[in-house]
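A.B. asks: For reference, the structure I am asking about is given below.
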Amino acid sequence: MSATTQLTKERVLESLSAVIEPEVLKPLTELKMILAVEIAEATVKVTAELLYPNAPYKDRLEEEIRAAVAGLPDVAEVEVIWHNRVRASGRGKADAEPIKGVKNTIAVASGKGGVGKSTVAVNLAVALARSGARVGLLDTDVYGPSIPLMMGETAKPAVTQMATPAGPKNMIVPLEAHGVKVMSIGFLLDPNKALIWRGPLVAQLINQFLNDVLWGELDYLVMDLPPGTGDVQLTLTQKIPIAGGVIVTTPQDVALADALKGLRMFEDVKTPVMGIVENMSGFVCPCCGERTDIFGEGGGKRLAAAQGVELLGQVPIEPAVRAGGDSGVPVVVGHPESETAKAFFLLAERVAAKLAKDAVERPRKATIKLMQAR
C-alpha cells in the first residue's frame, strides 16, 4: 500500500456516499445505514443494514457497495455483512401511549366480515417474521376469535409476575407459533361458549391486552381487528399510536362500500391508512392454473385510486389458503411457492417498505416544518 494513497475509513465512507438507497433515494451514509467499516491490510469489511429486512434489492445494493469500495486504490477484497434493524415509523397519534417495546403497530381492518381479514392478518404477520423481523399478532376480534385455529395454537398462556414502580404486576406471556408471538381471547375462554359482553367490558379486555401482555421487543405488532367500526376500533385508536391501517376488501361492490367506511373511520380518528388489500382477487384452479374472477375484478384498485391510497396487494383464492387456515399452517408456511403465498410475501414487503420510508422521512419533514415556523 503506497503512502500517498493510504486506505482509511474516511475514504471508504466517502466512496459509499455515492451508493443510493432505492426506496428513499438518499445515500446510505446519510441514512446511517453503514454501521461499521473495518480495514485489515487490503481487505475492507463493511457492516451495513437495510431499511427493512425483506427489502428485495439487497443483492443489488451489495453489488453497488462492493463496486464503490473496490474502486478505491489498494483494495484487494471487499466483505459486506448485513445487519437487520427495523426502525420505528413514528406514525400515529402523538398523544397516544405506545406499547412498551413495540416499534410499529399495524391494524388490519375491514368494514364487514367474510372478506378474509384474519387470513390477511395471519399471513402478513408470518411473512414479516419469515423476513427476519420480530413480530407479534394480537387478535382483537373478541366475539369471533379465529387466530388460535388459524395459527394452530390453543394452549392457555402462562402468567408471570413482574416488578414495577407501583409494585408486583401479573403479565400474560403470549404464545408463539410460526415465529410469531400470539395473543387472543380465544386462548382464555371455552371455545364452545359465546362471549356475551357489553362495550365497557370489551374495552377493558382490549386495555388489558395492550398493557398486561409481555410482548418483549417487537418490530411489528399486527392487530386483527373485528369487522365494522365499533368499540374495539375506537379503544385501540385512542390508546396507542397505530403506525398504519390496512383495509381488506374483496373486489365486489358490496364489500367495497363497507371497506370505504373502514377507511373513513381511520381518517376520522386521525390514524394513517397504508393502503388497501384486495383479497379473493380471482380463483386459481389447482388443476390447470386458470384464473377466474368469481367476485369481480379490479374493485380494490378502483377504490384505492378514488381514495388516494396505495393498493398494497391483490391476493387470489386457492384451496391451500382454506386448508392452511383450518390446519393452523398458514399458506406462507405450508405452500410458500403458491401464488397466494407470493402475494402475501409481497404485501409484507410493501407494508415494511412504507413504514421504513416513513421512519427516515418524518424526522426530515419535522425539521423542515420547524424551520418554516421560525
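In the C-alpha cells, chains take the letters A, B, ... in the order shown, each chain's residues start at 1, and ligands count up from 1 in the order shown.
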Just want the 10 Å neighbourhood of region 28-34 of chain A, counted on only C-alpha atoms, with same-chain residues fewer than 3 positions away dropped. Output as a ChimeraX atom specification.
C.D. replies: /A:13-22,24-25,37,46-51,61,65,82-83,85,360-361
A.B. asks: Report, in Å with one decimal, the straight-line distance from CA of Gly300 (chain A) to CA of Ala341 (chain A).
C.D. replies: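 CA of Ala341 (chain A) lies 18.8 Å from CA of Gly300 (chain A).
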A.B. asks: Please identify all polymer residues within 6 Å of region 120-125 of chain A, counting only C-alpha atoms, omitting same-chain residues fewer than 2 positions from it, and present them as a list of chain:residue names.
C.D. replies: A:Lys117, A:Ser118, A:Ala127, A:Leu128, A:Asp224, A:Ala348
A.B. asks: Enumerate as a VMD selection string all residues of region 158-311 of chain A assigned to strand (DSSP E or B) by DSSP on the backbone, naming them with the chain letters and numbers the document uses.
C.D. replies: chain A and resid 158 to 164 167 to 173 175 to 177 180 to 184 213 218 to 224 244 to 249 273 to 284 291 to 292 310 to 311
A.B. asks: Store the residues of this selection in a file with N, CA and C atoms, as a short mmCIF file (atom, residue, chain, number, x, y, z; two decimals), in the first residue's frame.
C.D. replies:
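The resulting file, again31.cif, is shown below:
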```
data_model
loop_
_atom_site.label_atom_id
_atom_site.label_comp_id
_atom_site.auth_asym_id
_atom_site.auth_seq_id
_atom_site.Cartn_x
_atom_site.Cartn_y
_atom_site.Cartn_z
N ALA A 158 -49.28 -18.63 29.88
CA ALA A 158 -48.78 -18.56 31.25
C ALA A 158 -48.86 -17.12 31.75
N VAL A 159 -48.81 -16.98 33.04
CA VAL A 159 -48.80 -15.66 33.69
C VAL A 159 -47.56 -15.56 34.54
N THR A 160 -46.85 -14.47 34.41
CA THR A 160 -45.64 -14.26 35.20
C THR A 160 -45.75 -12.93 35.95
N GLN A 161 -45.05 -12.83 37.04
CA GLN A 161 -45.11 -11.61 37.85
C GLN A 161 -43.88 -10.76 37.59
N MET A 162 -44.11 -9.47 37.39
CA MET A 162 -43.03 -8.54 37.13
C MET A 162 -43.03 -7.43 38.18
N ALA A 163 -41.83 -6.97 38.50
CA ALA A 163 -41.72 -5.84 39.43
C ALA A 163 -41.90 -4.54 38.66
N THR A 164 -42.73 -3.66 39.18
CA THR A 164 -42.95 -2.33 38.60
C THR A 164 -42.83 -1.29 39.71
N GLY A 167 -45.36 -1.69 42.20
CA GLY A 167 -45.43 -2.97 42.89
C GLY A 167 -45.51 -4.12 41.91
N PRO A 168 -45.58 -5.36 42.40
CA PRO A 168 -45.65 -6.54 41.52
C PRO A 168 -46.88 -6.49 40.61
N LYS A 169 -46.69 -6.95 39.37
CA LYS A 169 -47.80 -6.94 38.41
C LYS A 169 -47.79 -8.24 37.62
N ASN A 170 -48.98 -8.85 37.49
CA ASN A 170 -49.10 -10.07 36.71
C ASN A 170 -49.15 -9.74 35.22
N MET A 171 -48.32 -10.42 34.44
CA MET A 171 -48.26 -10.20 32.99
C MET A 171 -48.54 -11.52 32.27
N ILE A 172 -49.32 -11.42 31.18
CA ILE A 172 -49.63 -12.59 30.36
C ILE A 172 -48.48 -12.82 29.38
N VAL A 173 -48.00 -14.04 29.31
CA VAL A 173 -46.94 -14.40 28.36
C VAL A 173 -47.58 -14.90 27.07
N LEU A 175 -48.32 -16.74 23.55
CA LEU A 175 -47.87 -17.99 22.95
C LEU A 175 -47.06 -17.67 21.70
N GLU A 176 -46.41 -18.67 21.14
CA GLU A 176 -45.63 -18.45 19.93
C GLU A 176 -45.94 -19.55 18.91
N ALA A 177 -46.18 -19.12 17.68
CA ALA A 177 -46.45 -20.06 16.60
C ALA A 177 -45.89 -19.50 15.30
N VAL A 180 -44.06 -16.24 15.46
CA VAL A 180 -44.82 -15.04 15.81
C VAL A 180 -45.37 -15.18 17.23
N LYS A 181 -45.23 -14.14 18.04
CA LYS A 181 -45.88 -14.12 19.35
C LYS A 181 -47.36 -13.81 19.16
N VAL A 182 -48.22 -14.61 19.80
CA VAL A 182 -49.65 -14.53 19.53
C VAL A 182 -50.45 -14.39 20.83
N MET A 183 -51.46 -13.50 20.78
CA MET A 183 -52.38 -13.37 21.91
C MET A 183 -53.80 -13.21 21.39
N SER A 184 -54.73 -13.93 22.03
CA SER A 184 -56.14 -13.89 21.64
C SER A 184 -56.99 -14.26 22.84
N VAL A 213 -49.76 -7.68 28.52
CA VAL A 213 -49.17 -8.79 27.76
C VAL A 213 -47.68 -8.52 27.60
N LEU A 218 -40.57 -5.98 19.90
CA LEU A 218 -41.17 -6.34 18.62
C LEU A 218 -40.89 -5.26 17.57
N ASP A 219 -40.61 -5.70 16.36
CA ASP A 219 -40.50 -4.76 15.24
C ASP A 219 -41.89 -4.38 14.73
N TYR A 220 -42.78 -5.38 14.70
CA TYR A 220 -44.14 -5.15 14.22
C TYR A 220 -45.13 -5.90 15.12
N LEU A 221 -46.22 -5.23 15.48
CA LEU A 221 -47.35 -5.90 16.12
C LEU A 221 -48.53 -5.76 15.17
N VAL A 222 -48.95 -6.89 14.60
CA VAL A 222 -50.10 -6.91 13.69
C VAL A 222 -51.35 -7.17 14.51
N MET A 223 -52.35 -6.31 14.37
CA MET A 223 -53.59 -6.46 15.12
C MET A 223 -54.73 -6.80 14.16
N ASP A 224 -55.37 -7.92 14.43
CA ASP A 224 -56.53 -8.34 13.66
C ASP A 224 -57.77 -7.73 14.30
N GLY A 244 -50.13 2.35 11.06
CA GLY A 244 -50.89 2.38 9.81
C GLY A 244 -51.97 1.33 9.78
N GLY A 245 -53.04 1.64 9.08
CA GLY A 245 -54.13 0.70 8.90
C GLY A 245 -54.06 0.05 7.53
N VAL A 246 -54.40 -1.22 7.48
CA VAL A 246 -54.50 -1.97 6.23
C VAL A 246 -55.96 -2.37 6.07
N ILE A 247 -56.61 -1.89 5.02
CA ILE A 247 -58.02 -2.18 4.79
C ILE A 247 -58.15 -3.36 3.84
N VAL A 248 -58.91 -4.38 4.28
CA VAL A 248 -59.10 -5.59 3.48
C VAL A 248 -60.49 -5.56 2.85
N THR A 249 -60.54 -5.85 1.57
CA THR A 249 -61.82 -5.92 0.86
C THR A 249 -61.76 -7.04 -0.15
N VAL A 273 -53.70 5.54 6.99
CA VAL A 273 -54.04 4.33 6.24
C VAL A 273 -52.92 4.03 5.26
N MET A 274 -52.32 2.85 5.39
CA MET A 274 -51.23 2.49 4.49
C MET A 274 -51.74 2.08 3.12
N GLY A 275 -52.92 1.47 3.07
CA GLY A 275 -53.44 1.08 1.78
C GLY A 275 -54.49 0.00 1.88
N ILE A 276 -54.86 -0.52 0.72
CA ILE A 276 -55.94 -1.50 0.59
C ILE A 276 -55.40 -2.82 0.06
N VAL A 277 -55.91 -3.91 0.62
CA VAL A 277 -55.61 -5.24 0.12
C VAL A 277 -56.88 -5.81 -0.48
N GLU A 278 -56.81 -6.20 -1.76
CA GLU A 278 -57.94 -6.85 -2.41
C GLU A 278 -57.76 -8.35 -2.26
N ASN A 279 -58.54 -8.93 -1.34
CA ASN A 279 -58.47 -10.37 -1.10
C ASN A 279 -59.47 -11.09 -2.00
N MET A 280 -59.27 -12.40 -2.18
CA MET A 280 -60.13 -13.20 -3.06
C MET A 280 -60.15 -12.60 -4.47
N SER A 281 -59.01 -12.15 -4.89
CA SER A 281 -58.89 -11.48 -6.19
C SER A 281 -58.66 -12.51 -7.28
N GLY A 282 -59.70 -13.26 -7.56
CA GLY A 282 -59.60 -14.30 -8.58
C GLY A 282 -59.31 -15.66 -7.98
N PHE A 283 -59.91 -16.70 -8.55
CA PHE A 283 -59.70 -18.08 -8.12
C PHE A 283 -58.69 -18.74 -9.05
N VAL A 284 -57.66 -19.34 -8.47
CA VAL A 284 -56.65 -20.04 -9.25
C VAL A 284 -56.94 -21.54 -9.18
N ARG A 291 -57.24 -18.79 -14.06
CA ARG A 291 -57.76 -17.82 -13.08
C ARG A 291 -59.18 -17.41 -13.47
N THR A 292 -60.09 -17.41 -12.49
CA THR A 292 -61.48 -16.99 -12.70
C THR A 292 -61.82 -15.92 -11.67
N GLU A 310 -52.68 3.59 -1.50
CA GLU A 310 -52.00 2.57 -2.30
C GLU A 310 -52.76 1.25 -2.29
N LEU A 311 -52.77 0.58 -3.43
CA LEU A 311 -53.24 -0.79 -3.48
C LEU A 311 -52.06 -1.67 -3.09
#
```
A.B. asks: Can you tell me how far CA of Val135 (chain A) sits from CA of Val332 (chain A), in Å to one decimal?
C.D. replies: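 Between these atoms lies a distance of 15.0 Å.
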A.B. asks: Would you return as a PDB file with N, CA and C atoms, in the first residue's frame the members of region 100-191 of chain A that DSSP assigns to helix (DSSP H, G or I) on this structure's backbone?
C.D. replies:
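The resulting file, out_22.pdb, is reproduced below:
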```pdb
ATOM      1  N   LYS A 117     -60.199 -11.051   6.372  1.00  0.00           N
ATOM      2  CA  LYS A 117     -59.334 -10.128   7.120  1.00  0.00           C
ATOM      3  C   LYS A 117     -58.362 -10.877   8.026  1.00  0.00           C
ATOM      4  N   SER A 118     -58.846 -11.890   8.742  1.00  0.00           N
ATOM      5  CA  SER A 118     -57.969 -12.653   9.638  1.00  0.00           C
ATOM      6  C   SER A 118     -56.922 -13.424   8.846  1.00  0.00           C
ATOM      7  N   THR A 119     -57.307 -13.948   7.696  1.00  0.00           N
ATOM      8  CA  THR A 119     -56.352 -14.650   6.833  1.00  0.00           C
ATOM      9  C   THR A 119     -55.233 -13.700   6.412  1.00  0.00           C
ATOM     10  N   VAL A 120     -55.601 -12.479   6.065  1.00  0.00           N
ATOM     11  CA  VAL A 120     -54.596 -11.478   5.684  1.00  0.00           C
ATOM     12  C   VAL A 120     -53.700 -11.146   6.877  1.00  0.00           C
ATOM     13  N   ALA A 121     -54.303 -10.942   8.056  1.00  0.00           N
ATOM     14  CA  ALA A 121     -53.519 -10.590   9.243  1.00  0.00           C
ATOM     15  C   ALA A 121     -52.527 -11.695   9.600  1.00  0.00           C
ATOM     16  N   VAL A 122     -52.987 -12.948   9.579  1.00  0.00           N
ATOM     17  CA  VAL A 122     -52.127 -14.086   9.931  1.00  0.00           C
ATOM     18  C   VAL A 122     -50.954 -14.201   8.968  1.00  0.00           C
ATOM     19  N   ASN A 123     -51.239 -14.185   7.672  1.00  0.00           N
ATOM     20  CA  ASN A 123     -50.179 -14.378   6.687  1.00  0.00           C
ATOM     21  C   ASN A 123     -49.261 -13.176   6.587  1.00  0.00           C
ATOM     22  N   LEU A 124     -49.779 -11.986   6.831  1.00  0.00           N
ATOM     23  CA  LEU A 124     -48.924 -10.798   6.884  1.00  0.00           C
ATOM     24  C   LEU A 124     -47.941 -10.915   8.040  1.00  0.00           C
ATOM     25  N   ALA A 125     -48.435 -11.299   9.218  1.00  0.00           N
ATOM     26  CA  ALA A 125     -47.571 -11.418  10.398  1.00  0.00           C
ATOM     27  C   ALA A 125     -46.494 -12.486  10.189  1.00  0.00           C
ATOM     28  N   VAL A 126     -46.889 -13.650   9.674  1.00  0.00           N
ATOM     29  CA  VAL A 126     -45.922 -14.738   9.493  1.00  0.00           C
ATOM     30  C   VAL A 126     -44.918 -14.389   8.399  1.00  0.00           C
ATOM     31  N   ALA A 127     -45.376 -13.734   7.334  1.00  0.00           N
ATOM     32  CA  ALA A 127     -44.461 -13.326   6.262  1.00  0.00           C
ATOM     33  C   ALA A 127     -43.442 -12.319   6.776  1.00  0.00           C
ATOM     34  N   LEU A 128     -43.855 -11.395   7.620  1.00  0.00           N
ATOM     35  CA  LEU A 128     -42.916 -10.439   8.216  1.00  0.00           C
ATOM     36  C   LEU A 128     -41.906 -11.165   9.103  1.00  0.00           C
ATOM     37  N   ALA A 129     -42.378 -12.138   9.867  1.00  0.00           N
ATOM     38  CA  ALA A 129     -41.478 -12.896  10.737  1.00  0.00           C
ATOM     39  C   ALA A 129     -40.469 -13.698   9.924  1.00  0.00           C
ATOM     40  N   ARG A 130     -40.898 -14.230   8.792  1.00  0.00           N
ATOM     41  CA  ARG A 130     -40.008 -15.025   7.950  1.00  0.00           C
ATOM     42  C   ARG A 130     -38.946 -14.158   7.273  1.00  0.00           C
ATOM     43  N   ILE A 147     -57.932 -16.508  15.351  1.00  0.00           N
ATOM     44  CA  ILE A 147     -56.474 -16.608  15.277  1.00  0.00           C
ATOM     45  C   ILE A 147     -55.937 -17.895  15.909  1.00  0.00           C
ATOM     46  N   PRO A 148     -56.456 -18.361  17.057  1.00  0.00           N
ATOM     47  CA  PRO A 148     -55.925 -19.613  17.631  1.00  0.00           C
ATOM     48  C   PRO A 148     -55.983 -20.776  16.647  1.00  0.00           C
ATOM     49  N   LEU A 149     -57.119 -20.950  15.968  1.00  0.00           N
ATOM     50  CA  LEU A 149     -57.255 -22.042  14.997  1.00  0.00           C
ATOM     51  C   LEU A 149     -56.327 -21.817  13.811  1.00  0.00           C
ATOM     52  N   MET A 150     -56.279 -20.600  13.313  1.00  0.00           N
ATOM     53  CA  MET A 150     -55.507 -20.322  12.099  1.00  0.00           C
ATOM     54  C   MET A 150     -54.001 -20.379  12.334  1.00  0.00           C
ATOM     55  N   MET A 151     -53.578 -20.167  13.578  1.00  0.00           N
ATOM     56  CA  MET A 151     -52.151 -20.253  13.902  1.00  0.00           C
ATOM     57  C   MET A 151     -51.783 -21.602  14.494  1.00  0.00           C
ATOM     58  N   ILE A 185     -58.179 -13.697  22.894  1.00  0.00           N
ATOM     59  CA  ILE A 185     -59.102 -14.102  23.955  1.00  0.00           C
ATOM     60  C   ILE A 185     -59.510 -15.558  23.759  1.00  0.00           C
ATOM     61  N   GLY A 186     -59.325 -16.061  22.538  1.00  0.00           N
ATOM     62  CA  GLY A 186     -59.631 -17.458  22.283  1.00  0.00           C
ATOM     63  C   GLY A 186     -58.778 -18.415  23.088  1.00  0.00           C
ATOM     64  N   PHE A 187     -57.616 -17.939  23.585  1.00  0.00           N
ATOM     65  CA  PHE A 187     -56.765 -18.778  24.426  1.00  0.00           C
ATOM     66  C   PHE A 187     -57.288 -18.852  25.859  1.00  0.00           C
TER      67      PHE A 187
END
```
A.B. asks: Could you pull the residues within 7 Å of region 227-240 of chain A, counting only C-alpha atoms, minus those fewer than 4 positions along the same chain, as number ranges by chain?
C.D. replies: A: 96-99, 109-113, 199, 203, 262, 265, 269
A.B. asks: Can you write out the residues you just picked, keeping N, CA and C atoms, as an mmCIF file, in the first residue's frame?
C.D. replies:
```
data_model
loop_
_atom_site.group_PDB
_atom_site.id
_atom_site.type_symbol
_atom_site.label_atom_id
_atom_site.label_comp_id
_atom_site.auth_asym_id
_atom_site.auth_seq_id
_atom_site.Cartn_x
_atom_site.Cartn_y
_atom_site.Cartn_z
ATOM 1 N N ALA A 96 -50.999 9.485 22.045
ATOM 2 C CA ALA A 96 -51.277 8.110 22.469
ATOM 3 C C ALA A 96 -50.012 7.477 23.037
ATOM 4 N N GLU A 97 -50.201 6.548 23.957
ATOM 5 C CA GLU A 97 -49.078 5.898 24.638
ATOM 6 C C GLU A 97 -48.699 4.612 23.919
ATOM 7 N N PRO A 98 -47.465 4.505 23.399
ATOM 8 C CA PRO A 98 -47.079 3.288 22.677
ATOM 9 C C PRO A 98 -46.971 2.081 23.605
ATOM 10 N N ILE A 99 -47.113 0.906 23.036
ATOM 11 C CA ILE A 99 -46.920 -0.326 23.795
ATOM 12 C C ILE A 99 -45.422 -0.507 24.009
ATOM 13 N N ALA A 109 -57.934 -4.209 9.134
ATOM 14 C CA ALA A 109 -59.351 -3.950 9.381
ATOM 15 C C ALA A 109 -60.171 -4.174 8.120
ATOM 16 N N SER A 110 -61.486 -4.240 8.316
ATOM 17 C CA SER A 110 -62.422 -4.318 7.198
ATOM 18 C C SER A 110 -63.733 -3.701 7.647
ATOM 19 N N GLY A 111 -64.510 -3.259 6.700
ATOM 20 C CA GLY A 111 -65.811 -2.699 7.059
ATOM 21 C C GLY A 111 -66.849 -3.765 7.312
ATOM 22 N N LYS A 112 -66.604 -4.991 6.843
ATOM 23 C CA LYS A 112 -67.566 -6.078 7.008
ATOM 24 C C LYS A 112 -66.831 -7.391 7.203
ATOM 25 N N GLY A 113 -67.570 -8.400 7.650
ATOM 26 C CA GLY A 113 -66.985 -9.717 7.822
ATOM 27 C C GLY A 113 -67.003 -10.504 6.525
ATOM 28 N N GLY A 199 -70.047 -3.298 25.666
ATOM 29 C CA GLY A 199 -68.907 -2.496 25.242
ATOM 30 C C GLY A 199 -67.867 -2.195 26.304
ATOM 31 N N ALA A 203 -63.865 -3.107 26.033
ATOM 32 C CA ALA A 203 -62.814 -2.089 26.087
ATOM 33 C C ALA A 203 -61.809 -2.403 27.191
ATOM 34 N N GLY A 262 -64.630 1.638 6.596
ATOM 35 C CA GLY A 262 -63.480 1.357 7.452
ATOM 36 C C GLY A 262 -62.367 2.364 7.231
ATOM 37 N N MET A 265 -63.274 5.586 8.859
ATOM 38 C CA MET A 265 -63.118 5.529 10.309
ATOM 39 C C MET A 265 -61.698 5.886 10.714
ATOM 40 N N VAL A 269 -60.430 9.258 13.020
ATOM 41 C CA VAL A 269 -59.707 9.185 14.297
ATOM 42 C C VAL A 269 -58.218 9.501 14.111
#
```
A.B. asks: I need the residue nearest Leu138 (chain A) from this list: A:Arg60, A:Pro174, A:Gly101, A:Lys357. Use only C-alpha atoms for the distance.
C.D. replies: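 For Leu138 (chain A), the nearest of the candidates is A:Pro174.
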A.B. asks: Choose the residue, out of A:Ser131, A:Arg362, A:Ala255, A:Ser338, that has the smallest atom-to-atom separation from Pro56 (chain A); count only C-alpha atoms.
C.D. replies: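 Smallest separation from Pro56 (chain A) among the options: A:Ser131.
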A.B. asks: Go ahead and compute the interatomic distance for CA of Ala305 (chain A) and CA of Ala88 (chain A), in Å to one decimal.
C.D. replies: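 These two atoms are separated by 27.4 Å.
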A.B. asks: Using only C-alpha atoms for the distances, tell me which of A:Glu41, A:Val315, A:Ala55, A:Asp190 is nearest to Asp293 (chain A).
C.D. replies: A:Val315
A.B. asks: Pick from A:Leu189, A:Glu267, A:Ser146, A:Lys9: nearest to Gly328 (chain A), with only C-alpha atoms counted?
C.D. replies: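 Distance minimum relative to Gly328 (chain A) lands on A:Ser146.
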